[in-house]
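What follows is the content of model38.txt (compact mmCIF, N, CA and C atoms).
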```txt
# COMPACT_ATOMS: atom_id res chain seq x y z
N GLU A 295 0.86 -1.19 0.00
CA GLU A 295 0.00 0.00 0.00
C GLU A 295 0.89 1.24 0.00
N PRO A 296 0.64 2.19 -0.91
CA PRO A 296 1.50 3.37 -1.02
C PRO A 296 1.64 4.18 0.28
N MET A 297 0.56 4.34 1.02
CA MET A 297 0.62 5.17 2.22
C MET A 297 1.57 4.57 3.26
N SER A 298 1.51 3.28 3.49
CA SER A 298 2.38 2.67 4.49
C SER A 298 3.84 2.70 4.05
N ILE A 299 4.08 2.52 2.76
CA ILE A 299 5.45 2.61 2.25
C ILE A 299 5.96 4.04 2.39
N TYR A 300 5.14 5.00 2.02
CA TYR A 300 5.51 6.42 2.11
C TYR A 300 5.84 6.79 3.56
N LYS A 301 4.97 6.41 4.48
CA LYS A 301 5.18 6.77 5.89
C LYS A 301 6.42 6.07 6.47
N ALA A 302 6.72 4.89 5.98
CA ALA A 302 7.88 4.16 6.48
C ALA A 302 9.19 4.84 6.10
N PHE A 303 9.23 5.43 4.90
CA PHE A 303 10.49 5.96 4.40
C PHE A 303 10.59 7.47 4.35
N ASN A 304 9.47 8.16 4.38
CA ASN A 304 9.52 9.62 4.31
C ASN A 304 10.16 10.19 5.57
N ASN A 305 10.96 11.21 5.40
CA ASN A 305 11.61 11.91 6.51
C ASN A 305 12.69 11.10 7.22
N ILE A 306 13.21 10.06 6.58
CA ILE A 306 14.39 9.39 7.13
C ILE A 306 15.50 9.54 6.09
N PRO A 307 16.73 9.51 6.53
CA PRO A 307 17.85 9.70 5.58
C PRO A 307 17.85 8.66 4.47
N LEU A 308 18.22 9.10 3.29
CA LEU A 308 18.27 8.21 2.13
C LEU A 308 19.14 6.99 2.40
N GLU A 309 20.23 7.19 3.15
CA GLU A 309 21.12 6.06 3.46
C GLU A 309 20.37 4.97 4.21
N SER A 310 19.48 5.37 5.12
CA SER A 310 18.69 4.39 5.87
C SER A 310 17.71 3.66 4.96
N VAL A 311 17.11 4.40 4.03
CA VAL A 311 16.19 3.79 3.07
C VAL A 311 16.95 2.75 2.24
N LEU A 312 18.13 3.13 1.78
CA LEU A 312 18.91 2.21 0.95
C LEU A 312 19.36 0.97 1.74
N MET A 313 19.69 1.15 3.02
CA MET A 313 20.06 0.00 3.84
C MET A 313 18.89 -0.97 3.96
N TYR A 314 17.68 -0.42 4.05
CA TYR A 314 16.49 -1.26 4.17
C TYR A 314 16.25 -2.08 2.90
N SER A 315 16.81 -1.63 1.79
CA SER A 315 16.60 -2.34 0.53
C SER A 315 17.16 -3.76 0.56
N THR A 316 18.08 -4.04 1.48
CA THR A 316 18.58 -5.41 1.59
C THR A 316 17.52 -6.33 2.18
N VAL A 317 16.59 -5.75 2.93
CA VAL A 317 15.52 -6.53 3.56
C VAL A 317 14.29 -6.60 2.66
N ASN A 318 13.92 -5.45 2.08
CA ASN A 318 12.71 -5.39 1.27
C ASN A 318 12.95 -4.52 0.03
N PRO A 319 13.65 -5.04 -0.94
CA PRO A 319 14.00 -4.22 -2.11
C PRO A 319 12.81 -3.70 -2.90
N ASP A 320 11.72 -4.46 -2.95
CA ASP A 320 10.55 -4.02 -3.73
C ASP A 320 9.93 -2.75 -3.15
N SER A 321 9.79 -2.69 -1.84
CA SER A 321 9.22 -1.50 -1.20
C SER A 321 10.11 -0.28 -1.40
N VAL A 322 11.40 -0.48 -1.25
CA VAL A 322 12.35 0.63 -1.41
C VAL A 322 12.33 1.13 -2.85
N THR A 323 12.35 0.22 -3.79
CA THR A 323 12.31 0.62 -5.20
C THR A 323 11.03 1.37 -5.51
N TYR A 324 9.92 0.88 -5.02
CA TYR A 324 8.63 1.55 -5.25
C TYR A 324 8.65 2.96 -4.66
N TYR A 325 9.17 3.08 -3.45
CA TYR A 325 9.25 4.39 -2.80
C TYR A 325 10.12 5.35 -3.62
N LEU A 326 11.31 4.90 -3.96
CA LEU A 326 12.26 5.78 -4.66
C LEU A 326 11.77 6.16 -6.06
N GLU A 327 11.11 5.25 -6.73
CA GLU A 327 10.67 5.52 -8.10
C GLU A 327 9.33 6.24 -8.19
N ASN A 328 8.47 6.07 -7.18
CA ASN A 328 7.10 6.57 -7.31
C ASN A 328 6.65 7.54 -6.22
N LEU A 329 7.19 7.46 -5.03
CA LEU A 329 6.61 8.20 -3.91
C LEU A 329 7.51 9.27 -3.31
N LYS A 330 8.80 9.13 -3.47
CA LYS A 330 9.77 9.96 -2.75
C LYS A 330 9.52 11.46 -2.90
N ASP A 331 9.15 11.90 -4.06
CA ASP A 331 9.04 13.34 -4.31
C ASP A 331 7.62 13.89 -4.14
N ILE A 332 6.69 13.08 -3.71
CA ILE A 332 5.32 13.55 -3.54
C ILE A 332 5.20 14.30 -2.22
N LYS A 333 4.73 15.53 -2.31
CA LYS A 333 4.53 16.38 -1.13
C LYS A 333 3.19 17.08 -1.28
N LEU A 334 2.54 17.33 -0.17
CA LEU A 334 1.31 18.11 -0.21
C LEU A 334 1.62 19.58 -0.44
N GLU A 335 0.76 20.23 -1.19
CA GLU A 335 0.87 21.67 -1.38
C GLU A 335 0.00 22.41 -0.37
N ILE A 336 -1.05 21.77 0.09
CA ILE A 336 -1.96 22.39 1.04
C ILE A 336 -1.26 22.54 2.39
N THR A 337 -1.60 23.60 3.09
CA THR A 337 -1.02 23.87 4.41
C THR A 337 -2.13 24.23 5.40
N GLY A 338 -1.73 24.39 6.63
CA GLY A 338 -2.67 24.85 7.63
C GLY A 338 -3.24 26.22 7.28
N GLU A 339 -2.42 27.04 6.67
CA GLU A 339 -2.89 28.37 6.25
C GLU A 339 -4.02 28.25 5.23
N THR A 340 -3.91 27.29 4.34
CA THR A 340 -4.98 27.05 3.36
C THR A 340 -6.27 26.73 4.08
N LEU A 341 -6.19 25.87 5.09
CA LEU A 341 -7.39 25.49 5.84
C LEU A 341 -7.95 26.66 6.63
N ARG A 342 -7.06 27.47 7.20
CA ARG A 342 -7.53 28.65 7.95
C ARG A 342 -8.26 29.61 7.03
N LYS A 343 -7.79 29.75 5.80
CA LYS A 343 -8.46 30.63 4.83
C LYS A 343 -9.85 30.11 4.47
N LEU A 344 -10.09 28.83 4.70
CA LEU A 344 -11.41 28.24 4.49
C LEU A 344 -12.27 28.34 5.75
N SER A 345 -11.75 29.08 6.74
CA SER A 345 -12.42 29.27 8.04
C SER A 345 -12.52 27.98 8.84
N ILE A 346 -11.53 27.11 8.68
CA ILE A 346 -11.46 25.88 9.47
C ILE A 346 -10.48 26.14 10.61
N SER A 347 -10.99 26.09 11.83
CA SER A 347 -10.16 26.37 13.00
C SER A 347 -9.10 25.29 13.19
N PRO A 348 -7.88 25.69 13.55
CA PRO A 348 -6.81 24.71 13.79
C PRO A 348 -7.22 23.68 14.85
N SER A 349 -6.93 22.42 14.56
CA SER A 349 -7.22 21.34 15.49
C SER A 349 -6.44 20.11 15.05
N LYS A 350 -6.56 19.04 15.81
CA LYS A 350 -5.88 17.80 15.43
C LYS A 350 -6.48 17.22 14.15
N LYS A 351 -7.64 17.70 13.77
CA LYS A 351 -8.27 17.26 12.52
C LYS A 351 -7.44 17.67 11.31
N TYR A 352 -6.63 18.72 11.46
CA TYR A 352 -5.76 19.13 10.36
C TYR A 352 -4.88 17.95 9.94
N HIS A 353 -4.24 17.33 10.91
CA HIS A 353 -3.34 16.21 10.64
C HIS A 353 -4.10 15.06 9.96
N GLU A 354 -5.30 14.76 10.46
CA GLU A 354 -6.10 13.70 9.88
C GLU A 354 -6.48 14.04 8.44
N CYS A 355 -6.82 15.30 8.21
CA CYS A 355 -7.18 15.76 6.87
C CYS A 355 -5.98 15.64 5.93
N PHE A 356 -4.80 16.07 6.39
CA PHE A 356 -3.60 16.00 5.57
C PHE A 356 -3.27 14.54 5.22
N ASP A 357 -3.44 13.63 6.16
CA ASP A 357 -3.22 12.21 5.87
C ASP A 357 -4.22 11.70 4.83
N TYR A 358 -5.46 12.14 4.95
CA TYR A 358 -6.51 11.76 4.01
C TYR A 358 -6.15 12.24 2.59
N ILE A 359 -5.71 13.50 2.51
CA ILE A 359 -5.33 14.06 1.21
C ILE A 359 -4.08 13.37 0.67
N LEU A 360 -3.12 13.14 1.54
CA LEU A 360 -1.88 12.48 1.11
C LEU A 360 -2.17 11.10 0.53
N GLU A 361 -3.04 10.37 1.16
CA GLU A 361 -3.38 9.03 0.67
C GLU A 361 -3.93 9.12 -0.76
N LYS A 362 -4.76 10.10 -1.00
CA LYS A 362 -5.30 10.29 -2.35
C LYS A 362 -4.21 10.74 -3.33
N LYS A 363 -3.32 11.62 -2.85
CA LYS A 363 -2.27 12.13 -3.73
C LYS A 363 -1.25 11.05 -4.09
N LEU A 364 -1.00 10.14 -3.19
CA LEU A 364 -0.07 9.05 -3.48
C LEU A 364 -0.59 8.17 -4.62
N ASN A 365 -1.91 8.12 -4.75
CA ASN A 365 -2.51 7.36 -5.84
C ASN A 365 -2.73 8.21 -7.09
N ASN A 366 -2.60 9.53 -6.95
CA ASN A 366 -2.78 10.45 -8.07
C ASN A 366 -1.82 11.62 -7.90
N PRO A 367 -0.52 11.41 -8.17
CA PRO A 367 0.50 12.43 -7.90
C PRO A 367 0.33 13.73 -8.67
N LYS A 368 -0.49 13.74 -9.69
CA LYS A 368 -0.68 14.96 -10.48
C LYS A 368 -1.60 15.97 -9.80
N MET A 369 -2.15 15.59 -8.66
CA MET A 369 -3.02 16.53 -7.93
C MET A 369 -2.26 17.81 -7.61
N ASN A 370 -2.98 18.92 -7.67
CA ASN A 370 -2.37 20.21 -7.35
C ASN A 370 -3.07 20.83 -6.13
N LEU A 371 -2.70 22.04 -5.80
CA LEU A 371 -3.28 22.70 -4.62
C LEU A 371 -4.79 22.80 -4.72
N TYR A 372 -5.31 23.11 -5.90
CA TYR A 372 -6.75 23.20 -6.07
C TYR A 372 -7.40 21.86 -5.73
N ASP A 373 -6.87 20.79 -6.28
CA ASP A 373 -7.42 19.45 -6.02
C ASP A 373 -7.37 19.12 -4.53
N GLU A 374 -6.24 19.41 -3.91
CA GLU A 374 -6.08 19.13 -2.48
C GLU A 374 -7.07 19.94 -1.65
N THR A 375 -7.29 21.19 -2.05
CA THR A 375 -8.23 22.05 -1.33
C THR A 375 -9.66 21.52 -1.47
N GLU A 376 -10.00 21.05 -2.64
CA GLU A 376 -11.34 20.48 -2.85
C GLU A 376 -11.53 19.23 -1.97
N ILE A 377 -10.50 18.42 -1.85
CA ILE A 377 -10.59 17.23 -0.98
C ILE A 377 -10.73 17.65 0.48
N ALA A 378 -10.02 18.70 0.87
CA ALA A 378 -10.14 19.21 2.24
C ALA A 378 -11.58 19.67 2.50
N LYS A 379 -12.16 20.36 1.55
CA LYS A 379 -13.55 20.81 1.69
C LYS A 379 -14.48 19.61 1.85
N GLU A 380 -14.22 18.59 1.06
CA GLU A 380 -15.01 17.36 1.16
C GLU A 380 -14.83 16.74 2.55
N TYR A 381 -13.59 16.69 3.01
CA TYR A 381 -13.28 16.10 4.32
C TYR A 381 -14.00 16.82 5.44
N PHE A 382 -13.97 18.15 5.39
CA PHE A 382 -14.60 18.95 6.44
C PHE A 382 -16.06 19.27 6.14
N LYS A 383 -16.57 18.72 5.02
CA LYS A 383 -17.97 18.88 4.64
C LYS A 383 -18.38 20.35 4.50
N ILE A 384 -17.53 21.10 3.76
CA ILE A 384 -17.89 22.51 3.50
C ILE A 384 -17.97 22.77 2.01
```
Would you mind writing the file's structure down as structure tokens?
Amino acid sequence: EPMSIYKAFNNIPLESVLMYSTVNPDSVTYYLENLKDIKLEITGETLRKLSISPSKKYHECFDYILEKKLNNPKMNLYDETEIAKEYFKI
């Protein structure tokens, strides 16, 4: 699953990711070739501009959007914002 692979390797040094390739080369290859450069464009400021008060729901929303973006990397800020609106039902 893309989300679990992304979360396992994102924000750790590349050297650590490469060392893990001796244990699970398929996951590492998938991460490096497909997921490594995917980042959300949406921020907390984007949500505040939608009049959504800061809360722990921000993190849940970002994970929700990230999961969708990992399956559709061409998503842009507009797409992410529309998903956030859907998530918060606005």
Env of region 322-328 of chain A: 6.5 Å cut, atoms = only N, CA and C atoms, seq-sep filter 3 positions within chain, self excluded. Answer as a PyMOL selection string. chain A and resi 299-300+311+314-315+318-319+331-332
Write out as a PyMOL selection string all residues of chain A that DSSP puts in helix (DSSP H, G or I) for this structure's backbone. chain A and resi 296-303+308-314+319-329+338-343+351-365+371-381
So which one's closest to Tyr381 (chain A), A:Ser349, A:Glu354, A:Leu364, A:Met369? Using only C-alpha atoms, please.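 Once distances to Tyr381 (chain A) are computed over only C-alpha atoms, the minimum belongs to A:Glu354.
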Excluding Glu339 (chain A) and its own-chain neighbours fewer than 5 positions away, which residues fall within 12 Å of it when counting only C-alpha atoms? Please give them as a PDB file with N, CA and C atoms, keeping the file's coordinate frame.
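Okay, result-v6.pdb is ready:
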```pdb
ATOM      1  N   LEU A 344     -10.090  28.830   4.700  1.00  0.00           N
ATOM      2  CA  LEU A 344     -11.410  28.240   4.490  1.00  0.00           C
ATOM      3  C   LEU A 344     -12.270  28.340   5.750  1.00  0.00           C
ATOM      4  N   SER A 345     -11.750  29.080   6.740  1.00  0.00           N
ATOM      5  CA  SER A 345     -12.420  29.270   8.040  1.00  0.00           C
ATOM      6  C   SER A 345     -12.520  27.980   8.840  1.00  0.00           C
ATOM      7  N   ILE A 346     -11.530  27.110   8.680  1.00  0.00           N
ATOM      8  CA  ILE A 346     -11.460  25.880   9.470  1.00  0.00           C
ATOM      9  C   ILE A 346     -10.480  26.140  10.610  1.00  0.00           C
ATOM     10  N   SER A 347     -10.990  26.090  11.830  1.00  0.00           N
ATOM     11  CA  SER A 347     -10.160  26.370  13.000  1.00  0.00           C
ATOM     12  C   SER A 347      -9.100  25.290  13.190  1.00  0.00           C
ATOM     13  N   PRO A 348      -7.880  25.690  13.550  1.00  0.00           N
ATOM     14  CA  PRO A 348      -6.810  24.710  13.790  1.00  0.00           C
ATOM     15  C   PRO A 348      -7.220  23.680  14.850  1.00  0.00           C
ATOM     16  N   TYR A 352      -6.630  18.720  11.460  1.00  0.00           N
ATOM     17  CA  TYR A 352      -5.760  19.130  10.360  1.00  0.00           C
ATOM     18  C   TYR A 352      -4.880  17.950   9.940  1.00  0.00           C
ATOM     19  N   THR A 375      -7.290  21.190  -2.050  1.00  0.00           N
ATOM     20  CA  THR A 375      -8.230  22.050  -1.330  1.00  0.00           C
ATOM     21  C   THR A 375      -9.660  21.520  -1.470  1.00  0.00           C
TER      22      THR A 375
END
```
Need the axis-aligned box for region 317-323 of chain A with 4 Å each side, so what are the centre and edges in Å to one decimal, as lines of an AutoDock Vina configuration file?
```
center_x = 12.9
center_y = -2.6
center_z = -1.0
size_x = 15.4
size_y = 16.0
size_z = 17.1
```
To one decimal in Å, tell me the separation between CA of Glu295 (chain A) and atom N of Cys355 (chain A).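 Answer for the CA of Glu295 (chain A) to atom N of Cys355 (chain A) separation: 18.7 Å.
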Two-atom distance - atom N of Asp320 (chain A), CA of Asn366 (chain A) (Å):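 According to the coordinates, atom N of Asp320 (chain A) and CA of Asn366 (chain A) are separated by 21.4 Å.
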Would you compute the distance between CA of Pro296 (chain A) and CA of Tyr372 (chain A)? Give it in Å to one decimal.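 The value is 22.1 Å.
Using only C-alpha atoms for every distance, the candidate list A:Thr316, A:Asn370, A:Ala378, A:Ser310 yields A:Ala378 as the residue closest to Tyr358 (chain A).
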Can you take the partial region 354-371 of chain A, add N, CA, C and O atoms, and return it as a tab-separated table (two decimals), keeping the file's coordinate frame?
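Saved to part.tsv:
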```tsv
chain	number	residue	atom	x	y	z
A	354	GLU	N	-5.30	14.76	10.46
A	354	GLU	CA	-6.10	13.70	9.88
A	354	GLU	C	-6.48	14.04	8.44
A	354	GLU	O	-6.45	13.19	7.56
A	355	CYS	N	-6.82	15.30	8.21
A	355	CYS	CA	-7.18	15.76	6.87
A	355	CYS	C	-5.98	15.64	5.93
A	355	CYS	O	-6.11	15.16	4.80
A	356	PHE	N	-4.80	16.07	6.39
A	356	PHE	CA	-3.60	16.00	5.57
A	356	PHE	C	-3.27	14.54	5.22
A	356	PHE	O	-2.87	14.24	4.09
A	357	ASP	N	-3.44	13.63	6.16
A	357	ASP	CA	-3.22	12.21	5.87
A	357	ASP	C	-4.22	11.70	4.83
A	357	ASP	O	-3.86	10.94	3.93
A	358	TYR	N	-5.46	12.14	4.95
A	358	TYR	CA	-6.51	11.76	4.01
A	358	TYR	C	-6.15	12.24	2.59
A	358	TYR	O	-6.25	11.49	1.62
A	359	ILE	N	-5.71	13.50	2.51
A	359	ILE	CA	-5.33	14.06	1.21
A	359	ILE	C	-4.08	13.37	0.67
A	359	ILE	O	-4.01	13.04	-0.52
A	360	LEU	N	-3.12	13.14	1.54
A	360	LEU	CA	-1.88	12.48	1.11
A	360	LEU	C	-2.17	11.10	0.53
A	360	LEU	O	-1.60	10.71	-0.50
A	361	GLU	N	-3.04	10.37	1.16
A	361	GLU	CA	-3.38	9.03	0.67
A	361	GLU	C	-3.93	9.12	-0.76
A	361	GLU	O	-3.57	8.33	-1.62
A	362	LYS	N	-4.76	10.10	-1.00
A	362	LYS	CA	-5.30	10.29	-2.35
A	362	LYS	C	-4.21	10.74	-3.33
A	362	LYS	O	-4.18	10.29	-4.47
A	363	LYS	N	-3.32	11.62	-2.85
A	363	LYS	CA	-2.27	12.13	-3.73
A	363	LYS	C	-1.25	11.05	-4.09
A	363	LYS	O	-0.71	11.04	-5.19
A	364	LEU	N	-1.00	10.14	-3.19
A	364	LEU	CA	-0.07	9.05	-3.48
A	364	LEU	C	-0.59	8.17	-4.62
A	364	LEU	O	0.18	7.59	-5.36
A	365	ASN	N	-1.91	8.12	-4.75
A	365	ASN	CA	-2.51	7.36	-5.84
A	365	ASN	C	-2.73	8.21	-7.09
A	365	ASN	O	-3.05	7.67	-8.16
A	366	ASN	N	-2.60	9.53	-6.95
A	366	ASN	CA	-2.78	10.45	-8.07
A	366	ASN	C	-1.82	11.62	-7.90
A	366	ASN	O	-2.23	12.72	-7.52
A	367	PRO	N	-0.52	11.41	-8.17
A	367	PRO	CA	0.50	12.43	-7.90
A	367	PRO	C	0.33	13.73	-8.67
A	367	PRO	O	0.93	14.74	-8.31
A	368	LYS	N	-0.49	13.74	-9.69
A	368	LYS	CA	-0.68	14.96	-10.48
A	368	LYS	C	-1.60	15.97	-9.80
A	368	LYS	O	-1.81	17.07	-10.31
A	369	MET	N	-2.15	15.59	-8.66
A	369	MET	CA	-3.02	16.53	-7.93
A	369	MET	C	-2.26	17.81	-7.61
A	369	MET	O	-1.08	17.76	-7.29
A	370	ASN	N	-2.98	18.92	-7.67
A	370	ASN	CA	-2.37	20.21	-7.35
A	370	ASN	C	-3.07	20.83	-6.13
A	370	ASN	O	-3.93	20.18	-5.52
A	371	LEU	N	-2.70	22.04	-5.80
A	371	LEU	CA	-3.28	22.70	-4.62
A	371	LEU	C	-4.79	22.80	-4.72
A	371	LEU	O	-5.49	22.58	-3.74
```
